Structure formats: structure tokens, C-alpha cells
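Q: My file is target_25.txt. It has compact mmCIF, C-alpha atoms:
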```
# COMPACT_ATOMS: atom_id res chain seq x y z
CA TRP A 1 0.00 0.00 0.00
CA LEU A 2 3.00 2.30 0.35
CA SER A 3 3.67 2.09 -3.41
CA PRO A 4 0.34 1.72 -5.25
CA HIS A 5 1.90 2.90 -8.53
CA MET A 6 4.79 0.43 -8.58
CA CYS A 7 4.11 -0.61 -12.20
CA GLU A 8 3.66 2.92 -13.49
CA GLU A 9 5.94 5.35 -11.68
CA PRO A 10 9.61 5.12 -10.61
CA LEU A 11 10.01 4.25 -6.94
CA ARG A 12 13.01 6.59 -6.82
CA PRO A 13 11.21 9.76 -7.95
CA GLN A 14 14.24 11.38 -9.58
CA TYR A 15 14.31 8.63 -12.22
CA ALA A 16 11.16 10.00 -13.78
CA THR A 17 13.58 12.26 -15.68
CA GLN A 18 15.84 9.48 -17.00
CA TRP A 19 16.57 9.41 -20.72
CA TRP A 20 15.37 6.36 -22.66
CA ALA A 21 15.77 5.62 -26.37
CA LEU A 22 12.13 4.53 -26.26
CA PRO A 23 10.40 6.25 -23.36
CA TRP A 24 7.07 5.59 -21.69
CA ASP A 25 3.91 7.50 -22.51
CA PRO A 26 1.59 7.27 -19.49
CA VAL A 27 -1.37 8.68 -21.42
CA GLY A 28 -1.24 6.03 -24.11
CA ARG A 29 -0.25 3.24 -21.69
CA GLY A 30 3.19 3.45 -23.15
CA ASP A 31 3.19 0.58 -25.60
CA SER A 32 4.38 1.58 -29.06
CA VAL A 33 3.12 5.16 -28.90
CA PRO A 34 4.73 7.50 -31.46
CA ARG A 35 3.95 10.42 -29.16
CA ALA A 36 6.40 9.00 -26.60
CA VAL A 37 9.19 9.14 -29.15
CA ALA A 38 8.27 12.70 -30.13
CA VAL A 39 8.33 13.84 -26.50
CA ASN A 40 11.74 12.23 -26.05
CA LYS A 41 13.17 14.03 -29.07
CA LYS A 42 12.10 17.38 -27.65
CA ARG A 43 13.48 16.70 -24.19
CA TRP A 44 16.99 15.44 -24.92
CA HIS A 45 19.96 16.65 -26.88
CA ALA A 46 20.83 15.37 -30.36
CA GLY A 47 23.51 13.01 -29.09
CA MET A 48 20.92 10.75 -27.46
CA VAL A 49 17.91 10.93 -29.75
CA ALA A 50 14.87 8.74 -29.48
CA SER A 51 14.51 5.64 -31.60
CA SER A 52 11.45 4.12 -33.22
CA ASP A 53 9.77 1.19 -31.55
CA ASP A 54 11.40 -1.32 -33.93
CA ALA A 55 13.81 -2.50 -31.24
CA LEU A 56 10.94 -3.11 -28.81
CA ARG A 57 9.06 -5.17 -31.38
CA ALA A 58 12.15 -7.20 -32.25
CA TRP A 59 12.63 -7.94 -28.53
CA GLN A 60 8.99 -8.89 -27.99
CA PHE A 61 8.97 -11.46 -30.78
CA GLY A 62 12.48 -12.88 -30.49
CA GLN A 63 14.03 -11.21 -33.53
CA THR A 64 16.97 -9.33 -31.98
CA GLY A 65 19.72 -11.41 -33.58
CA TYR A 66 20.99 -12.46 -30.13
CA PRO A 67 20.07 -16.15 -29.85
CA LEU A 68 19.69 -16.49 -26.08
CA VAL A 69 17.49 -13.39 -25.95
CA ASP A 70 15.45 -14.57 -28.91
CA ALA A 71 15.04 -18.08 -27.52
CA GLY A 72 13.71 -16.72 -24.24
CA MET A 73 11.26 -14.34 -25.87
CA ARG A 74 10.02 -17.01 -28.28
CA GLU A 75 9.45 -19.41 -25.41
CA LEU A 76 7.54 -16.70 -23.55
CA TRP A 77 5.31 -16.03 -26.55
CA ALA A 78 4.68 -19.72 -27.24
CA THR A 79 4.20 -20.99 -23.69
CA GLY A 80 3.65 -18.05 -21.37
CA TYR A 81 6.71 -19.04 -19.38
CA VAL A 82 10.46 -18.41 -19.37
CA PRO A 83 13.07 -19.56 -16.78
CA ASN A 84 14.10 -17.05 -14.13
CA TYR A 85 17.72 -16.73 -15.31
CA VAL A 86 16.59 -16.04 -18.85
CA ARG A 87 14.09 -13.47 -17.56
CA HIS A 88 17.07 -11.54 -16.22
CA VAL A 89 18.87 -11.91 -19.56
CA VAL A 90 15.98 -10.63 -21.69
CA ALA A 91 15.05 -7.84 -19.25
CA GLY A 92 18.65 -6.68 -19.01
CA PHE A 93 18.95 -6.66 -22.79
CA LEU A 94 15.86 -4.48 -23.16
CA ILE A 95 16.99 -1.99 -20.52
CA GLU A 96 20.80 -1.93 -20.67
CA TYR A 97 21.42 -2.57 -24.37
CA LEU A 98 18.28 -1.32 -26.14
CA ASN A 99 17.72 1.49 -23.64
CA VAL A 100 13.96 0.95 -23.67
CA ASP A 101 12.00 2.15 -20.64
CA TRP A 102 11.46 -0.75 -18.22
CA ARG A 103 7.70 -0.19 -18.23
CA HIS A 104 7.45 -1.53 -21.78
CA GLY A 105 9.01 -4.79 -20.57
CA GLN A 106 6.84 -4.92 -17.47
CA LEU A 107 3.71 -4.50 -19.58
CA TRP A 108 4.79 -7.21 -22.03
CA PHE A 109 5.52 -9.66 -19.22
CA HIS A 110 2.18 -8.84 -17.62
CA ASP A 111 0.38 -9.60 -20.87
CA THR A 112 2.28 -12.80 -21.74
CA LEU A 113 3.37 -14.58 -18.53
CA VAL A 114 1.01 -17.17 -17.12
CA ASP A 115 2.54 -16.56 -13.68
CA ALA A 116 2.32 -12.78 -13.96
CA ASP A 117 2.13 -10.98 -10.62
CA VAL A 118 1.60 -7.23 -10.66
CA ALA A 119 3.42 -6.48 -7.41
CA ILE A 120 6.42 -8.76 -8.02
CA GLN A 121 6.84 -7.72 -11.64
CA GLY A 122 6.62 -4.03 -10.86
CA PHE A 123 9.23 -4.35 -8.12
CA MET A 124 11.62 -6.51 -10.15
CA TRP A 125 11.36 -4.46 -13.35
CA GLN A 126 12.00 -1.30 -11.33
CA ASN A 127 15.14 -2.90 -9.89
CA GLY A 128 16.32 -3.79 -13.37
CA GLY A 129 15.29 -0.37 -14.67
CA HIS A 130 17.44 1.55 -12.16
CA SER A 131 14.56 3.10 -10.20
CA GLY A 132 13.85 0.30 -7.69
CA MET A 133 15.13 -0.39 -4.20
CA ASP A 134 18.07 -2.45 -5.51
CA GLN A 135 19.80 -1.57 -8.77
CA TRP A 136 21.56 -4.95 -8.85
CA ASN A 137 25.34 -5.13 -9.19
CA PHE A 138 25.18 -7.39 -12.22
CA VAL A 139 24.24 -7.01 -15.87
CA MET A 140 23.71 -10.09 -18.02
CA HIS A 141 25.63 -10.08 -21.29
CA PRO A 142 23.46 -11.47 -24.12
CA VAL A 143 26.23 -13.86 -25.22
CA TYR A 144 28.28 -14.57 -22.11
CA ALA A 145 25.19 -15.35 -20.02
CA ALA A 146 24.99 -18.54 -22.06
CA LYS A 147 27.93 -20.02 -20.15
CA SER A 148 25.62 -20.54 -17.20
CA ALA A 149 22.22 -20.80 -18.84
CA ASP A 150 22.85 -22.83 -21.98
CA PRO A 151 26.51 -23.92 -22.32
CA ASP A 152 25.86 -26.48 -25.08
CA GLY A 153 23.17 -24.52 -26.89
CA ALA A 154 20.31 -26.97 -26.34
CA TYR A 155 17.89 -24.25 -25.24
CA VAL A 156 18.71 -22.01 -28.20
CA ARG A 157 18.47 -24.88 -30.66
CA ARG A 158 14.99 -25.71 -29.37
CA TRP A 159 13.57 -22.20 -29.69
CA CYS A 160 15.73 -20.94 -32.56
CA PRO A 161 15.78 -24.08 -34.74
CA GLU A 162 17.24 -22.13 -37.65
CA LEU A 163 20.53 -22.16 -35.70
CA ALA A 164 20.41 -25.84 -34.76
CA GLY A 165 23.26 -26.81 -37.07
CA LEU A 166 25.83 -24.43 -35.59
CA PRO A 167 28.52 -25.79 -33.24
CA ARG A 168 28.34 -24.77 -29.58
CA GLU A 169 30.98 -22.04 -29.78
CA PHE A 170 28.94 -20.18 -32.41
CA VAL A 171 25.33 -20.99 -31.58
CA HIS A 172 25.14 -17.98 -29.24
CA CYS A 173 27.11 -15.67 -31.54
CA PRO A 174 26.46 -16.74 -35.16
CA TRP A 175 27.91 -13.47 -36.51
CA GLU A 176 31.34 -14.70 -35.37
CA ALA A 177 31.07 -17.98 -37.29
CA PRO A 178 33.23 -18.36 -40.41
CA ALA A 179 31.37 -18.29 -43.71
CA THR A 180 32.02 -22.00 -44.25
CA THR A 181 30.53 -22.86 -40.85
CA LEU A 182 27.42 -20.81 -41.57
CA ALA A 183 27.03 -22.41 -44.97
CA ALA A 184 27.42 -25.91 -43.56
CA ALA A 185 24.69 -25.14 -41.00
CA ASN A 186 22.44 -23.61 -43.68
CA VAL A 187 22.39 -20.27 -41.89
CA ALA A 188 22.25 -16.99 -43.81
CA LEU A 189 22.14 -14.07 -41.39
CA GLY A 190 19.46 -11.61 -42.39
CA ARG A 191 17.53 -14.31 -44.24
CA HIS A 192 17.22 -17.45 -42.09
CA TYR A 193 17.98 -15.65 -38.84
CA PRO A 194 17.96 -11.88 -38.16
CA LYS A 195 21.09 -9.80 -38.02
CA ARG A 196 21.90 -8.18 -34.68
CA ILE A 197 19.90 -5.05 -33.91
CA VAL A 198 22.73 -3.79 -31.67
CA LEU A 199 26.21 -3.96 -33.16
CA ASP A 200 28.11 -2.12 -30.43
CA LEU A 201 27.10 -3.48 -27.04
CA GLU A 202 29.68 -1.39 -25.19
CA ASP A 203 28.37 1.84 -26.68
CA ALA A 204 24.82 0.86 -25.74
CA ARG A 205 25.93 0.25 -22.15
CA ARG A 206 27.72 3.60 -22.03
CA LYS A 207 24.52 5.38 -23.09
CA SER A 208 22.62 3.57 -20.35
CA LEU A 209 25.31 4.48 -17.82
CA LYS A 210 25.31 8.13 -18.88
CA ALA A 211 21.53 8.33 -18.55
CA VAL A 212 21.69 7.24 -14.90
CA VAL A 213 24.72 9.36 -14.02
CA ASP A 214 22.95 12.38 -15.54
CA VAL A 215 19.98 11.75 -13.23
CA ARG A 216 22.28 11.64 -10.21
CA ARG A 217 24.05 14.85 -11.21
CA ALA A 218 20.72 16.61 -11.70
CA HIS A 219 19.37 15.43 -8.33
CA PRO A 220 22.22 15.45 -5.78
CA GLU A 221 19.68 15.79 -2.97
CA TYR A 222 18.99 12.04 -3.27
CA VAL A 223 22.66 10.96 -3.24
CA LEU A 224 23.98 9.83 0.16
CA PRO A 225 27.60 10.38 1.31
CA ASP A 226 28.46 6.73 0.54
CA GLY A 227 27.15 7.07 -3.03
CA ASN A 228 23.96 5.11 -2.45
CA GLU A 229 20.62 6.87 -2.83
CA ALA A 230 17.91 7.93 -0.41
CA LEU A 231 14.25 7.11 -0.92
CA PRO A 232 11.81 9.45 0.85
CA LEU A 233 9.21 7.53 2.84
CA PRO A 234 5.60 8.60 3.50
CA GLU A 235 6.43 9.25 7.16
CA PRO A 236 7.75 12.82 7.48
CA GLY A 237 11.52 13.02 7.76
CA ARG A 238 12.13 9.32 7.13
CA THR A 239 14.14 7.86 4.25
CA ALA A 240 15.29 4.43 3.15
CA ARG A 241 18.76 3.64 1.80
CA CYS A 242 18.54 2.20 -1.71
CA ILE A 243 21.24 -0.14 -2.98
CA THR A 244 22.98 1.61 -5.86
CA ARG A 245 25.14 -0.03 -8.51
CA VAL A 246 28.86 0.53 -8.13
CA ASP A 247 29.18 2.23 -11.55
CA TYR A 248 26.69 4.87 -10.46
CA ARG A 249 28.18 5.34 -7.00
CA MET A 250 31.52 6.03 -8.71
CA MET A 251 29.85 8.41 -11.19
CA SER A 252 31.89 6.52 -13.75
CA GLU A 253 32.03 7.38 -17.44
CA GLU A 254 33.01 3.80 -18.31
CA VAL A 255 31.11 0.60 -17.56
CA VAL A 256 32.36 -1.22 -14.46
CA THR A 257 29.66 -3.84 -13.86
CA ARG A 258 29.93 -6.42 -16.60
CA GLN A 259 29.78 -10.15 -17.28
CA THR A 260 32.99 -11.42 -18.85
CA ALA A 261 33.61 -14.19 -21.35
CA ALA A 262 34.33 -17.76 -20.33
CA ALA A 263 36.80 -19.65 -22.53
CA PRO A 264 34.21 -21.16 -24.93
CA TRP A 265 32.86 -17.69 -25.79
CA ASP A 266 36.17 -15.79 -25.99
CA ALA A 267 36.99 -15.40 -29.67
CA SER A 268 40.67 -14.82 -28.93
CA ARG A 269 40.92 -18.24 -27.23
CA ARG A 270 38.85 -20.15 -29.76
CA GLN A 271 40.37 -22.81 -32.01
CA ARG A 272 39.96 -21.85 -35.63
CA ARG A 273 37.74 -24.17 -37.66
CA ASP A 274 37.71 -22.36 -40.97
CA PRO A 275 40.48 -23.69 -43.24
CA MET A 276 40.22 -20.65 -45.51
```
What is this structure when it is put down as C-alpha cells?
A:
Amino acid sequence: WLSPHMCEEPLRPQYATQWWALPWDPVGRGDSVPRAVAVNKKRWHAGMVASSDDALRAWQFGQTGYPLVDAGMRELWATGYVPNYVRHVVAGFLIEYLNVDWRHGQLWFHDTLVDADVAIQGFMWQNGGHSGMDQWNFVMHPVYAAKSADPDGAYVRRWCPELAGLPREFVHCPWEAPATTLAAANVALGRHYPKRIVLDLEDARRKSLKAVVDVRRAHPEYVLPDGNEALPLPEPGRTARCITRVDYRMMSEEVVTRQTAAAPWDASRRQRRDPM
């Protein structure tokens, strides 16, 4: 009862001003509203302009070009369920790499999950979307997360059957496969399976980082001496201490929180298979 608008408004009030490539339009319920993009273009400088909703649609229907993300979103659409680990992967991709307002993801999960729970989803999506009680000191990488979730590619092969013929070291990153490997697996990127909608993951993360750091600079009244953030409570004079990601506490310009590559996914440590 303390937070009746958990699914609609940021718990940390200052994050209502955060930049998003695809923002939320509360009047139109947010989902794929051109007006939201127009508002974003007016509010922010040319270096961080709004996108169309193409990235959101690609995410919703498993067409991002990142196999683990696509597998999870296809399973969600087909069955109404997706494993918890993969929920973190797909949510993190939408927020940290596509820079789409978390409320779009929350709404999609609410409409598609058979185990949807308004309170839990609102709280968890806010955490992932930077405005919740815990900003989480981890960010799932859309490729490297496979080392824990799907090391042999069985999950991806089930939900992205067009990639079933690829060997395990390329099934989560088909764009790195040699041309001969792709041909042998009957995979043509852009025809059988979509090309990646984000080519520079690091740049996408930097934009996400900058958006949060800009909020903190604009609202120093919420920043505590230890770098964490204060949440005003309904009781006069009372605040709660919100867990804040280390990158943001440092006011860093470069990404600190990241998931690194295990040996099977590190291209520099991979045995070459292409004889050409």
C-alpha cells in the first residue's frame, strides 16, 4: 500500500527524468506510442535521440539477432513461461542494451506470462530499470550469459531451430562464425535468422550508464555520502537507503559492472575451424 503505482511510476522519484531511447507514454499506456518518441526528441539533446519502436518489437517477438534473448522471448510467446535466469537476460537486454524504458518490458511480461504478478513484476522491473530499491550489481551479457544458462546450446536450438546446425561455440554468436561454418549449418544471417539489432554493445551500455549518471548529477539531494541513494518515505523526515550499482556510486564514465567471457565464448581463445 505504500507504493500503489509500482508498475507505473519510478520508486526513486528522480528517475522520472531518466533518458530512454524509447520512453514511456503514461497517457497512451506506453506501448508503441509515437507520441512518446516525439516527447523524447524534444526533451533530450541530439547526441541521445529517441529511436522508433522497432527494437521493442524485435525484442517482444524474439528477432533481436541475439540467440539467447530470442530463444527466451520465443518461449515466452509460445508458452507463457520463461526460466528465471533467462528473464534476467531478456530484461537486461531491453533496458541496458536497447535502452527501452522498463515499463514496456513490465507491460509485455504482464500480458504474456502465465505466472504474472503485478506487485512482483513491478518491483523486479523497477530494480532492473534503475529506479527500484536495488539496482543490482550485475548485468547479463546477451552472449556470455549462455555459459551458465545454456553452455551447449540446447535451449537455443529448441527455440531458434534455424541455428540448430551451428557448433556450440557459435550458436550464441552466429555473426562470429566463419562463412564456411554458416554455410554448412544452412544459416544466412538476415535471411534465415535476423542480423543483430545492436552492433556495439559497449556503446549501448555507455549510453545507459550516462543516462543514470545524468539523473544523479541533476538530483544530488537524493545521493547519500556513501554514493547510495535515499528514498523518501511517507512518514515525514524518514528515508530508506537504496542499494545503488557501483558504476553509479563512482559516477563513472566507463562501464564497471559487466559479465565477462568464459573460454568457450572468448573469440581470442577459440580454435579456428575455418580452413580458408
Q: Can you tell me how far CA of Trp159 in chain A sits from CA of Lys195 in chain A, in Å to one decimal?
A: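 Going from CA of Trp159 in chain A over to CA of Lys195 in chain A, I get 16.7 Å.
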Q: Name the closest residue to Phe109 in chain A among the candidates A:Cys7, A:Trp24, A:Tyr85, A:Ser252; distances are taken between atoms, counting only C-alpha atoms.
A: A:Cys7
Q: Work out how far CA of Val187 in chain A is from CA of His172 in chain A, in Å to one decimal.
A: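 Rounded to one decimal, the two atoms are 13.1 Å apart.
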Q: Quick one: everything within 12 Å of Thr260 in chain A, counting all atoms listed in the file, minus sequence neighbours fewer than 4 positions away in the same chain. Send it as a PyMOL selection string.
A: chain A and resi 138-148+256+264-266
Q: For CA of Glu169 in chain A and CA of Arg206 in chain A, quote the distance in Å rounded to one decimal.
A: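 Those two atoms sit 27.0 Å apart.
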Q: Counting all atoms listed in the file, which residue out of A:Ala261, A:Val212, A:Leu224, A:Ala116 sits closest to Ser131 in chain A?
A: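 Of A:Ala261, A:Val212, A:Leu224, A:Ala116, the one nearest Ser131 in chain A is A:Val212, counting all atoms listed in the file.
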Q: Please, which residues in range 147-241 of chain A fall within 12 Å of range 86-94 of chain A when counting all atoms listed in the file, and what is the closest atom pair and distance in Å to one decimal for each, ordered by chain then residue number, as CSV?
A:
```
residue,atom,partner,partner_atom,distance
A:Ser148,CA,A:Val86,CA,10.2
A:Ala149,CA,A:Val86,CA,7.4
A:Asp150,CA,A:Val86,CA,9.8
A:Tyr155,CA,A:Val86,CA,10.5
A:Val156,CA,A:Val86,CA,11.3
A:Ile197,CA,A:Phe93,CA,11.3
A:Val198,CA,A:Phe93,CA,10.1
A:Leu201,CA,A:Phe93,CA,9.7
A:Ala204,CA,A:Phe93,CA,10.0
A:Arg205,CA,A:Phe93,CA,9.8
A:Ser208,CA,A:Leu94,CA,10.9
```
Q: Extending 3 Å beyond the listed atoms of range 62-81 of chain A on each side, what axis-aligned box results? I want centre and edge lengths in Å to one decimal, as AutoDock Vina command-line options.
A:
```
--center_x 12.3 --center_y -15.2 --center_z -26.5 --size_x 23.3 --size_y 17.7 --size_z 20.2
```
Q: Can you work out which one of A:Leu68, A:Ala177, A:Ala188, A:Leu11 has the shortest atom-to-atom distance to Leu231 in chain A, counting only C-alpha atoms?
A: A:Leu11
Q: When you count all atoms listed in the file, which of these residues is closest to Glu9 in chain A: A:Arg217, A:His192, A:Arg74, A:Arg103?
A: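 So, comparing all the options, the nearest one is A:Arg103.
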Q: Which is closest to Asp115 in chain A among A:Asn84, A:Asn99, A:Thr257, A:Thr17, if we use only C-alpha atoms?
A: A:Asn84
Q: Take the point (19.9, 4.6, -18.9) as written in the file and pick out every residue within 12 Å of it, counting only C-alpha atoms; give the list as an NGL selection string.
A: :A and (15-23 or 48 or 92-102 or 128-131 or 135 or 203-216 or 248 or 255)
Q: Next, the residues of the selection above should be written as a compact mmCIF listing (two decimals), in the coordinates of the input with C-alpha atoms.
A:
```
# COMPACT_ATOMS: atom_id res chain seq x y z
CA TYR A 15 14.31 8.63 -12.22
CA ALA A 16 11.16 10.00 -13.78
CA THR A 17 13.58 12.26 -15.68
CA GLN A 18 15.84 9.48 -17.00
CA TRP A 19 16.57 9.41 -20.72
CA TRP A 20 15.37 6.36 -22.66
CA ALA A 21 15.77 5.62 -26.37
CA LEU A 22 12.13 4.53 -26.26
CA PRO A 23 10.40 6.25 -23.36
CA MET A 48 20.92 10.75 -27.46
CA GLY A 92 18.65 -6.68 -19.01
CA PHE A 93 18.95 -6.66 -22.79
CA LEU A 94 15.86 -4.48 -23.16
CA ILE A 95 16.99 -1.99 -20.52
CA GLU A 96 20.80 -1.93 -20.67
CA TYR A 97 21.42 -2.57 -24.37
CA LEU A 98 18.28 -1.32 -26.14
CA ASN A 99 17.72 1.49 -23.64
CA VAL A 100 13.96 0.95 -23.67
CA ASP A 101 12.00 2.15 -20.64
CA TRP A 102 11.46 -0.75 -18.22
CA GLY A 128 16.32 -3.79 -13.37
CA GLY A 129 15.29 -0.37 -14.67
CA HIS A 130 17.44 1.55 -12.16
CA SER A 131 14.56 3.10 -10.20
CA GLN A 135 19.80 -1.57 -8.77
CA ASP A 203 28.37 1.84 -26.68
CA ALA A 204 24.82 0.86 -25.74
CA ARG A 205 25.93 0.25 -22.15
CA ARG A 206 27.72 3.60 -22.03
CA LYS A 207 24.52 5.38 -23.09
CA SER A 208 22.62 3.57 -20.35
CA LEU A 209 25.31 4.48 -17.82
CA LYS A 210 25.31 8.13 -18.88
CA ALA A 211 21.53 8.33 -18.55
CA VAL A 212 21.69 7.24 -14.90
CA VAL A 213 24.72 9.36 -14.02
CA ASP A 214 22.95 12.38 -15.54
CA VAL A 215 19.98 11.75 -13.23
CA ARG A 216 22.28 11.64 -10.21
CA TYR A 248 26.69 4.87 -10.46
CA VAL A 255 31.11 0.60 -17.56
```
Q: Would you please work out which residue, of A:Glu8, A:Gly72, A:Ala230, A:Leu199, is nearest to Gln121 in chain A when using all atoms listed in the file?
A: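 Nearest candidate to Gln121 in chain A out of A:Glu8, A:Gly72, A:Ala230, A:Leu199: A:Glu8.
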Q: Would you mind listing what lies within 7 Å of Thr244 in chain A as a list in words, with only C-alpha atoms counted and same-chain residues fewer than 2 positions away left out?
A: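 Result of the neighbour search: Asp134, Gln135, Asn228, Glu229, Cys242, Val246, Tyr248 and Arg249 of chain A.
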